[in-house]
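Undergrad: Handing over my_file.pdb, PDB, C-alpha atoms, pLDDT in the B column.
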MODEL        1
ATOM      1  CA  MET P   1      87.385  81.427 104.625  1.00 55.00           C
ATOM      2  CA  LEU P   2      90.479  79.639 105.900  1.00 74.00           C
ATOM      3  CA  ASP P   3      92.907  81.325 103.563  1.00 89.00           C
ATOM      4  CA  HIS P   4      96.535  81.656 104.557  1.00 90.00           C
ATOM      5  CA  LEU P   5      96.211  85.220 105.844  1.00 93.00           C
ATOM      6  CA  SER P   6      93.252  84.312 108.093  1.00 95.00           C
ATOM      7  CA  LEU P   7      95.121  81.292 109.440  1.00 96.00           C
ATOM      8  CA  MET P   8      98.232  83.351 110.099  1.00 96.00           C
ATOM      9  CA  VAL P   9      96.188  86.016 111.908  1.00 97.00           C
ATOM     10  CA  THR P  10      94.367  83.323 113.928  1.00 97.00           C
ATOM     11  CA  HIS P  11      97.690  81.762 114.896  1.00 98.00           C
ATOM     12  CA  ALA P  12      99.091  85.152 115.917  1.00 98.00           C
ATOM     13  CA  LEU P  13      95.950  85.801 117.964  1.00 98.00           C
ATOM     14  CA  LEU P  14      96.294  82.530 119.895  1.00 98.00           C
ATOM     15  CA  ILE P  15      99.996  83.104 120.565  1.00 98.00           C
ATOM     16  CA  ALA P  16      99.457  86.688 121.691  1.00 98.00           C
ATOM     17  CA  VAL P  17      96.602  85.798 124.058  1.00 98.00           C
ATOM     18  CA  PHE P  18      98.563  82.880 125.491  1.00 98.00           C
ATOM     19  CA  PHE P  19     101.725  84.829 126.293  1.00 98.00           C
ATOM     20  CA  SER P  20      99.795  87.848 127.573  1.00 98.00           C
ATOM     21  CA  PHE P  21      98.200  85.664 130.233  1.00 98.00           C
ATOM     22  CA  LEU P  22     101.335  83.611 130.862  1.00 98.00           C
ATOM     23  CA  TRP P  23     103.749  86.481 131.401  1.00 97.00           C
ATOM     24  CA  LYS P  24     101.702  89.506 132.427  1.00 98.00           C
ATOM     25  CA  ARG P  25      99.721  89.918 135.615  1.00 96.00           C
ATOM     26  CA  GLU P  26      97.659  93.098 135.333  1.00 97.00           C
ATOM     27  CA  THR P  27      94.908  93.677 132.793  1.00 97.00           C
ATOM     28  CA  GLY P  28      96.482  96.846 131.401  1.00 98.00           C
ATOM     29  CA  GLU P  29      99.880  95.333 130.829  1.00 98.00           C
ATOM     30  CA  ARG P  30      98.265  92.243 129.339  1.00 98.00           C
ATOM     31  CA  TRP P  31      96.494  94.388 126.746  1.00 98.00           C
ATOM     32  CA  ARG P  32      99.661  96.280 125.889  1.00 98.00           C
ATOM     33  CA  TYR P  33     101.671  93.080 125.597  1.00 98.00           C
ATOM     34  CA  PHE P  34      98.927  91.421 123.546  1.00 98.00           C
ATOM     35  CA  LEU P  35      98.841  94.294 121.040  1.00 98.00           C
ATOM     36  CA  LYS P  36     102.625  94.344 120.831  1.00 98.00           C
ATOM     37  CA  VAL P  37     102.980  90.600 120.182  1.00 98.00           C
ATOM     38  CA  PHE P  38      99.973  90.368 117.869  1.00 98.00           C
ATOM     39  CA  GLY P  39     101.126  93.384 115.865  1.00 98.00           C
ATOM     40  CA  ALA P  40     104.696  92.137 115.643  1.00 98.00           C
ATOM     41  CA  LEU P  41     103.609  88.706 114.404  1.00 98.00           C
ATOM     42  CA  VAL P  42     101.099  89.935 111.816  1.00 98.00           C
ATOM     43  CA  VAL P  43     103.021  92.957 110.533  1.00 98.00           C
ATOM     44  CA  GLY P  44     106.311  91.039 110.687  1.00 97.00           C
ATOM     45  CA  ALA P  45     104.916  88.189 108.597  1.00 96.00           C
ATOM     46  CA  ILE P  46     103.500  90.560 105.986  1.00 95.00           C
ATOM     47  CA  VAL P  47     106.737  92.544 105.788  1.00 96.00           C
ATOM     48  CA  LEU P  48     108.747  89.329 105.499  1.00 94.00           C
ATOM     49  CA  GLY P  49     106.409  88.158 102.739  1.00 91.00           C
ATOM     50  CA  TRP P  50     107.037  91.350 100.745  1.00 93.00           C
ATOM     51  CA  VAL P  51     110.779  91.162 101.359  1.00 95.00           C
ATOM     52  CA  MET P  52     110.788  87.662  99.870  1.00 92.00           C
ATOM     53  CA  TYR P  53     108.499  88.641  96.989  1.00 90.00           C
ATOM     54  CA  PRO P  54     111.247  89.425  94.432  1.00 90.00           C
ATOM     55  CA  PHE P  55     112.944  86.069  94.935  1.00 88.00           C
ATOM     56  CA  PRO P  56     112.048  83.303  92.524  1.00 81.00           C
ATOM     57  CA  HIS P  57     110.362  80.269  94.064  1.00 70.00           C
ATOM     58  CA  SER P  58     111.885  77.593  91.849  1.00 64.00           C
TER      59      SER P  58
ATOM     60  CA  MET V  59      85.672  86.625 157.194  1.00 45.00           C
ATOM     61  CA  ALA V  60      86.181  83.492 155.161  1.00 47.00           C
ATOM     62  CA  GLU V  61      89.757  82.407 154.719  1.00 51.00           C
ATOM     63  CA  GLU V  62      90.931  81.456 151.265  1.00 62.00           C
ATOM     64  CA  SER V  63      91.207  77.679 151.140  1.00 80.00           C
ATOM     65  CA  ARG V  64      94.488  75.977 150.363  1.00 89.00           C
ATOM     66  CA  PRO V  65      94.491  74.943 146.683  1.00 94.00           C
ATOM     67  CA  ILE V  66      94.007  71.222 146.080  1.00 95.00           C
ATOM     68  CA  GLY V  67      97.094  71.218 143.891  1.00 94.00           C
ATOM     69  CA  MET V  68      99.300  72.200 146.824  1.00 95.00           C
ATOM     70  CA  SER V  69      98.450  68.981 148.648  1.00 96.00           C
ATOM     71  CA  LEU V  70      99.346  66.799 145.651  1.00 97.00           C
ATOM     72  CA  PRO V  71     102.874  65.495 145.085  1.00 98.00           C
ATOM     73  CA  LEU V  72     104.564  67.783 142.567  1.00 98.00           C
ATOM     74  CA  PRO V  73     105.059  65.075 139.879  1.00 98.00           C
ATOM     75  CA  VAL V  74     101.351  64.213 140.077  1.00 98.00           C
ATOM     76  CA  LEU V  75     100.364  67.860 139.772  1.00 98.00           C
ATOM     77  CA  LEU V  76     102.666  68.335 136.794  1.00 98.00           C
ATOM     78  CA  GLY V  77     101.358  65.144 135.206  1.00 98.00           C
ATOM     79  CA  LEU V  78      97.788  66.369 135.514  1.00 98.00           C
ATOM     80  CA  ALA V  79      98.803  69.772 134.139  1.00 98.00           C
ATOM     81  CA  TRP V  80     100.289  68.018 131.120  1.00 98.00           C
ATOM     82  CA  LEU V  81      97.311  65.703 130.552  1.00 98.00           C
ATOM     83  CA  VAL V  82      94.661  68.434 130.416  1.00 98.00           C
ATOM     84  CA  PRO V  83      95.553  71.992 129.361  1.00 98.00           C
ATOM     85  CA  GLY V  84      94.885  74.379 132.238  1.00 98.00           C
ATOM     86  CA  LEU V  85      94.176  71.682 134.822  1.00 98.00           C
ATOM     87  CA  GLY V  86      97.321  72.528 136.782  1.00 98.00           C
ATOM     88  CA  HIS V  87      96.171  76.126 137.073  1.00 98.00           C
ATOM     89  CA  VAL V  88      92.662  75.060 138.119  1.00 98.00           C
ATOM     90  CA  LEU V  89      94.133  72.928 140.905  1.00 98.00           C
ATOM     91  CA  LEU V  90      96.171  75.934 142.037  1.00 97.00           C
ATOM     92  CA  ASN V  91      93.093  78.221 142.061  1.00 96.00           C
ATOM     93  CA  ARG V  92      94.131  80.196 138.980  1.00 97.00           C
ATOM     94  CA  ARG V  93      90.759  79.724 137.338  1.00 97.00           C
ATOM     95  CA  LEU V  94      90.657  82.655 134.917  1.00 97.00           C
ATOM     96  CA  ARG V  95      94.073  81.882 133.510  1.00 98.00           C
ATOM     97  CA  ALA V  96      93.204  78.172 133.415  1.00 98.00           C
ATOM     98  CA  ALA V  97      90.099  78.901 131.331  1.00 98.00           C
ATOM     99  CA  VAL V  98      92.018  81.114 128.906  1.00 98.00           C
ATOM    100  CA  PHE V  99      94.828  78.559 128.535  1.00 98.00           C
ATOM    101  CA  PHE V 100      92.360  75.716 128.031  1.00 98.00           C
ATOM    102  CA  VAL V 101      90.526  77.576 125.282  1.00 98.00           C
ATOM    103  CA  VAL V 102      93.718  78.696 123.524  1.00 98.00           C
ATOM    104  CA  VAL V 103      95.298  75.226 123.501  1.00 98.00           C
ATOM    105  CA  MET V 104      92.038  73.505 122.528  1.00 98.00           C
ATOM    106  CA  VAL V 105      91.358  75.912 119.666  1.00 98.00           C
ATOM    107  CA  GLY V 106      94.929  75.481 118.414  1.00 98.00           C
ATOM    108  CA  PHE V 107      94.717  71.707 118.646  1.00 98.00           C
ATOM    109  CA  LEU V 108      91.292  71.415 117.006  1.00 98.00           C
ATOM    110  CA  LEU V 109      92.264  73.772 114.190  1.00 97.00           C
ATOM    111  CA  GLY V 110      95.348  71.649 113.616  1.00 97.00           C
ATOM    112  CA  ILE V 111      93.206  68.525 113.335  1.00 98.00           C
ATOM    113  CA  VAL V 112      90.636  70.191 111.082  1.00 97.00           C
ATOM    114  CA  LEU V 113      93.403  71.480 108.811  1.00 96.00           C
ATOM    115  CA  ASP V 114      94.679  67.900 108.262  1.00 96.00           C
ATOM    116  CA  GLY V 115      97.769  68.389 110.401  1.00 97.00           C
ATOM    117  CA  GLU V 116      99.818  65.469 111.675  1.00 97.00           C
ATOM    118  CA  LEU V 117     100.391  64.400 115.254  1.00 98.00           C
ATOM    119  CA  MET V 118     104.006  63.409 114.786  1.00 96.00           C
ATOM    120  CA  ILE V 119     105.567  60.157 115.865  1.00 95.00           C
ATOM    121  CA  PRO V 120     109.265  59.315 115.438  1.00 96.00           C
ATOM    122  CA  ARG V 121     110.352  58.299 111.942  1.00 93.00           C
ATOM    123  CA  ALA V 122     113.581  56.464 111.255  1.00 94.00           C
ATOM    124  CA  GLY V 123     116.121  58.647 109.470  1.00 93.00           C
ATOM    125  CA  ASP V 124     114.293  61.864 110.294  1.00 93.00           C
ATOM    126  CA  PRO V 125     115.876  63.449 113.382  1.00 93.00           C
ATOM    127  CA  LEU V 126     113.508  66.417 113.331  1.00 94.00           C
ATOM    128  CA  SER V 127     110.574  64.057 113.747  1.00 95.00           C
ATOM    129  CA  TYR V 128     111.831  63.345 117.284  1.00 96.00           C
ATOM    130  CA  LEU V 129     111.606  67.020 118.205  1.00 97.00           C
ATOM    131  CA  ALA V 130     108.209  67.248 116.545  1.00 97.00           C
ATOM    132  CA  THR V 131     107.086  64.208 118.531  1.00 98.00           C
ATOM    133  CA  ILE V 132     108.007  65.913 121.801  1.00 98.00           C
ATOM    134  CA  ALA V 133     105.970  68.954 120.770  1.00 98.00           C
ATOM    135  CA  SER V 134     103.037  66.779 119.675  1.00 98.00           C
ATOM    136  CA  LEU V 135     103.130  64.791 122.916  1.00 98.00           C
ATOM    137  CA  GLY V 136     102.919  68.117 124.717  1.00 98.00           C
ATOM    138  CA  ASN V 137      99.214  68.067 123.901  1.00 98.00           C
ATOM    139  CA  GLY V 138      98.782  65.441 126.618  1.00 98.00           C
ATOM    140  CA  LEU V 139      95.541  63.496 126.627  1.00 98.00           C
ATOM    141  CA  LEU V 140      94.429  65.197 123.408  1.00 98.00           C
ATOM    142  CA  PHE V 141      97.302  63.504 121.566  1.00 98.00           C
ATOM    143  CA  PHE V 142      96.374  60.011 122.726  1.00 98.00           C
ATOM    144  CA  VAL V 143      92.625  60.440 122.240  1.00 98.00           C
ATOM    145  CA  ALA V 144      93.069  61.861 118.745  1.00 98.00           C
ATOM    146  CA  ARG V 145      95.482  59.105 117.732  1.00 97.00           C
ATOM    147  CA  ALA V 146      93.190  56.452 119.222  1.00 97.00           C
ATOM    148  CA  VAL V 147      90.240  57.573 117.101  1.00 98.00           C
ATOM    149  CA  GLY V 148      92.344  57.916 113.955  1.00 97.00           C
ATOM    150  CA  LEU V 149      92.661  61.701 113.858  1.00 97.00           C
ATOM    151  CA  GLY V 150      95.853  63.652 113.295  1.00 96.00           C
ATOM    152  CA  GLN V 151      97.255  61.235 110.712  1.00 96.00           C
ATOM    153  CA  GLY V 152      98.163  64.163 108.476  1.00 96.00           C
ATOM    154  CA  VAL V 153      97.224  64.566 104.837  1.00 95.00           C
ATOM    155  CA  VAL V 154     100.415  65.678 103.110  1.00 95.00           C
ATOM    156  CA  THR V 155      98.568  66.657  99.952  1.00 96.00           C
ATOM    157  CA  ALA V 156      96.079  68.884 101.784  1.00 94.00           C
ATOM    158  CA  ALA V 157      96.506  72.597 101.113  1.00 91.00           C
ATOM    159  CA  ALA V 158      96.594  73.439 104.813  1.00 93.00           C
ATOM    160  CA  TYR V 159      98.764  70.501 105.952  1.00 95.00           C
ATOM    161  CA  GLU V 160     101.677  72.694 107.062  1.00 95.00           C
ATOM    162  CA  PHE V 161      99.317  75.099 108.801  1.00 95.00           C
ATOM    163  CA  GLY V 162      97.722  72.158 110.579  1.00 97.00           C
ATOM    164  CA  ASN V 163     101.126  70.962 111.740  1.00 97.00           C
ATOM    165  CA  THR V 164     101.980  74.445 112.951  1.00 97.00           C
ATOM    166  CA  PHE V 165      98.810  74.664 115.037  1.00 98.00           C
ATOM    167  CA  LEU V 166      99.303  71.171 116.507  1.00 98.00           C
ATOM    168  CA  LEU V 167     102.958  71.734 117.391  1.00 98.00           C
ATOM    169  CA  THR V 168     102.244  75.190 118.803  1.00 98.00           C
ATOM    170  CA  ALA V 169      99.408  73.869 120.966  1.00 98.00           C
ATOM    171  CA  GLY V 170     101.696  71.152 122.339  1.00 98.00           C
ATOM    172  CA  MET V 171     104.520  73.582 123.095  1.00 98.00           C
ATOM    173  CA  MET V 172     102.111  75.966 124.799  1.00 98.00           C
ATOM    174  CA  ASN V 173     100.846  73.140 126.998  1.00 98.00           C
ATOM    175  CA  LEU V 174     104.428  72.239 127.946  1.00 98.00           C
ATOM    176  CA  LEU V 175     104.966  75.872 128.949  1.00 98.00           C
ATOM    177  CA  LEU V 176     101.844  75.583 131.101  1.00 98.00           C
ATOM    178  CA  VAL V 177     103.412  72.629 132.907  1.00 98.00           C
ATOM    179  CA  LEU V 178     106.477  74.762 133.645  1.00 98.00           C
ATOM    180  CA  ASP V 179     104.254  77.606 134.818  1.00 98.00           C
ATOM    181  CA  THR V 180     102.383  75.187 137.094  1.00 98.00           C
ATOM    182  CA  HIS V 181     105.735  74.107 138.523  1.00 98.00           C
ATOM    183  CA  ASP V 182     106.753  77.701 139.211  1.00 98.00           C
ATOM    184  CA  ILE V 183     103.469  78.465 140.961  1.00 97.00           C
ATOM    185  CA  ALA V 184     103.508  75.261 143.019  1.00 97.00           C
ATOM    186  CA  THR V 185     107.093  75.813 144.168  1.00 97.00           C
ATOM    187  CA  GLY V 186     106.520  79.469 145.005  1.00 96.00           C
ATOM    188  CA  LYS V 187     108.728  80.908 142.276  1.00 97.00           C
ATOM    189  CA  LYS V 188     105.684  82.699 140.912  1.00 96.00           C
ATOM    190  CA  ASP V 189     103.125  84.136 143.308  1.00 93.00           C
ATOM    191  CA  TRP V 190     100.272  84.828 140.880  1.00 93.00           C
TER     192      TRP V 190
ENDMDL
END
Would you mind giving the structure from this file in structure tokens?
TA:
Amino acid sequence: MLDHLSLMVTHALLIAVFFSFLWKRETGERWRYFLKVFGALVVGAIVLGWVMYPFPHS
Amino acid sequence: MAEESRPIGMSLPLPVLLGLAWLVPGLGHVLLNRRLRAAVFFVVVMVGFLLGIVLDGELMIPRAGDPLSYLATIASLGNGLLFFVARAVGLGQGVVTAAAYEFGNTFLLTAGMMNLLLVLDTHDIATGKKDW
């Protein structure tokens, strides 16, 4: 259950919720900011993972 | 019409308020009548911290010859009371061989840094730099 992808998504979720409530005041802008941060973290990590895929790990 | 009462936090000396905000995640916001945000912050930091412990992460303390451990210690100490309680009962020792050790560290350090940001946010609210 706690595979790396789930943990990464959980981490992104916590970060996105935290900063939405820390930096945004209204509900609407909180939702927009949450989706932006959450999406950037999850999609960014997956894209970065694929970019690094061709490189050898040893 | 009932007047909104002055938050308890406003009558406390600022260092005391900030100290309380550091000790318990969200407490500074509770004392300043920001209850919804306090609840959200408490849950987020607690979940991050507990996941870090469950995943065999390490609550860092300074190690000789490892300068980065000092930075990590500051982030770990950011967890406030949680840091001291967990260390006192033997949690957060870190299991380097555990598969999720690095993830655990990430959650613990992130939770601590988030709590430190909450202290700064408490400061901004208490000093009037932030009005919500």
Undergrad: Residues at most 9 Å from Met104 in chain V, counting only C-alpha atoms, excluding those fewer than 5 positions away in the same chain, as a list in words?
TA: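 In the requested form, the answer reads Pro83, Phe99, Leu109, Leu140 and Ala169 of chain V.
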Undergrad: Tell me which residues the PyMOL selection byres ((chain V and resi 79) around 9) grabs here, as a compact mmCIF listing (two decimals) with C-alpha atoms, in the coordinates of the input.
TA:
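Contents of the output file out.txt:
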# COMPACT_ATOMS: atom_id res chain seq x y z
CA VAL V 74 101.35 64.21 140.08
CA LEU V 75 100.36 67.86 139.77
CA LEU V 76 102.67 68.33 136.79
CA GLY V 77 101.36 65.14 135.21
CA LEU V 78 97.79 66.37 135.51
CA TRP V 80 100.29 68.02 131.12
CA LEU V 81 97.31 65.70 130.55
CA VAL V 82 94.66 68.43 130.42
CA PRO V 83 95.55 71.99 129.36
CA GLY V 84 94.88 74.38 132.24
CA LEU V 85 94.18 71.68 134.82
CA GLY V 86 97.32 72.53 136.78
CA HIS V 87 96.17 76.13 137.07
CA LEU V 89 94.13 72.93 140.90
CA GLY V 138 98.78 65.44 126.62
CA ASN V 173 100.85 73.14 127.00
CA LEU V 174 104.43 72.24 127.95
CA LEU V 176 101.84 75.58 131.10
CA VAL V 177 103.41 72.63 132.91
CA THR V 180 102.38 75.19 137.09
Undergrad: Write out as a PDB file with C-alpha atoms, in the frame of the given file the residues lying within 9 Å of range 6-9 of chain P, counting all atoms listed in the file and excluding same-chain residues fewer than 2 positions away.
TA:
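Output saved as part36.pdb:
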ATOM      1  CA  MET P   1      87.385  81.427 104.625  1.00 55.00           C
ATOM      2  CA  LEU P   2      90.479  79.639 105.900  1.00 74.00           C
ATOM      3  CA  ASP P   3      92.907  81.325 103.563  1.00 89.00           C
ATOM      4  CA  HIS P   4      96.535  81.656 104.557  1.00 90.00           C
ATOM      5  CA  HIS P  11      97.690  81.762 114.896  1.00 98.00           C
ATOM      6  CA  ALA P  12      99.091  85.152 115.917  1.00 98.00           C
ATOM      7  CA  LEU P  13      95.950  85.801 117.964  1.00 98.00           C
ATOM      8  CA  LEU P  14      96.294  82.530 119.895  1.00 98.00           C
ATOM      9  CA  PHE P  38      99.973  90.368 117.869  1.00 98.00           C
ATOM     10  CA  LEU P  41     103.609  88.706 114.404  1.00 98.00           C
ATOM     11  CA  VAL P  42     101.099  89.935 111.816  1.00 98.00           C
ATOM     12  CA  ALA P  45     104.916  88.189 108.597  1.00 96.00           C
TER      13      ALA P  45
ATOM     14  CA  PHE V 161      99.317  75.099 108.801  1.00 95.00           C
TER      15      PHE V 161
END
Undergrad: Enter the distance from CA of Gly67 in chain V to CA of Lys187 in chain V, in Å, rounded to one decimal.
TA: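 Taking CA of Gly67 in chain V and CA of Lys187 in chain V, their separation equals 15.2 Å.
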Undergrad: What are the residues of chain V that have an atom within 10 Å of an atom of chain P, counting all atoms listed in the file, as a ChimeraX atom specification?
TA: /V:94-96,98-103,105-106,109,113,157-158,161-162,164-165,168-169,172,175-176,179,190
Undergrad: Please complete range 17-42 of chain P with N, CA and C atoms and give it back as a compact mmCIF listing (two decimals), keeping the file's coordinate frame.
TA:
# COMPACT_ATOMS: atom_id res chain seq x y z
N VAL P 17 97.45 85.97 122.87
CA VAL P 17 96.60 85.80 124.06
C VAL P 17 97.32 84.92 125.08
N PHE P 18 97.90 83.82 124.60
CA PHE P 18 98.56 82.88 125.49
C PHE P 18 99.68 83.56 126.29
N PHE P 19 100.58 84.25 125.59
CA PHE P 19 101.72 84.83 126.29
C PHE P 19 101.33 86.05 127.13
N SER P 20 100.27 86.74 126.74
CA SER P 20 99.80 87.85 127.57
C SER P 20 99.37 87.33 128.94
N PHE P 21 98.68 86.21 128.96
CA PHE P 21 98.20 85.66 130.23
C PHE P 21 99.29 84.89 130.97
N LEU P 22 100.26 84.37 130.21
CA LEU P 22 101.34 83.61 130.86
C LEU P 22 102.33 84.53 131.55
N TRP P 23 102.63 85.66 130.93
CA TRP P 23 103.75 86.48 131.40
C TRP P 23 103.33 87.78 132.07
N LYS P 24 102.09 88.22 131.86
CA LYS P 24 101.70 89.51 132.43
C LYS P 24 100.57 89.32 133.44
N ARG P 25 100.64 90.12 134.51
CA ARG P 25 99.72 89.92 135.62
C ARG P 25 98.51 90.84 135.57
N GLU P 26 98.74 92.11 135.29
CA GLU P 26 97.66 93.10 135.33
C GLU P 26 96.98 93.22 133.98
N THR P 27 95.68 93.59 134.03
CA THR P 27 94.91 93.68 132.79
C THR P 27 95.53 94.66 131.79
N GLY P 28 95.92 95.83 132.29
CA GLY P 28 96.48 96.85 131.40
C GLY P 28 97.73 96.38 130.70
N GLU P 29 98.63 95.77 131.46
CA GLU P 29 99.88 95.33 130.83
C GLU P 29 99.64 94.13 129.92
N ARG P 30 98.60 93.35 130.24
CA ARG P 30 98.26 92.24 129.34
C ARG P 30 97.82 92.77 127.98
N TRP P 31 96.98 93.81 128.00
CA TRP P 31 96.49 94.39 126.75
C TRP P 31 97.65 94.95 125.93
N ARG P 32 98.53 95.69 126.61
CA ARG P 32 99.66 96.28 125.89
C ARG P 32 100.55 95.20 125.28
N TYR P 33 100.80 94.16 126.08
CA TYR P 33 101.67 93.08 125.60
C TYR P 33 100.99 92.32 124.45
N PHE P 34 99.68 92.10 124.60
CA PHE P 34 98.93 91.42 123.55
C PHE P 34 99.05 92.19 122.22
N LEU P 35 98.80 93.49 122.26
CA LEU P 35 98.84 94.29 121.04
C LEU P 35 100.25 94.30 120.43
N LYS P 36 101.24 94.34 121.31
CA LYS P 36 102.62 94.34 120.83
C LYS P 36 102.96 93.02 120.12
N VAL P 37 102.64 91.91 120.76
CA VAL P 37 102.98 90.60 120.18
C VAL P 37 102.15 90.33 118.92
N PHE P 38 100.85 90.60 119.02
CA PHE P 38 99.97 90.37 117.87
C PHE P 38 100.42 91.22 116.68
N GLY P 39 100.68 92.48 116.93
CA GLY P 39 101.13 93.38 115.86
C GLY P 39 102.44 92.93 115.26
N ALA P 40 103.37 92.56 116.14
CA ALA P 40 104.70 92.14 115.64
C ALA P 40 104.58 90.90 114.76
N LEU P 41 103.75 89.94 115.18
CA LEU P 41 103.61 88.71 114.40
C LEU P 41 102.95 88.96 113.05
N VAL P 42 101.85 89.71 113.06
CA VAL P 42 101.10 89.94 111.82
C VAL P 42 101.88 90.85 110.87
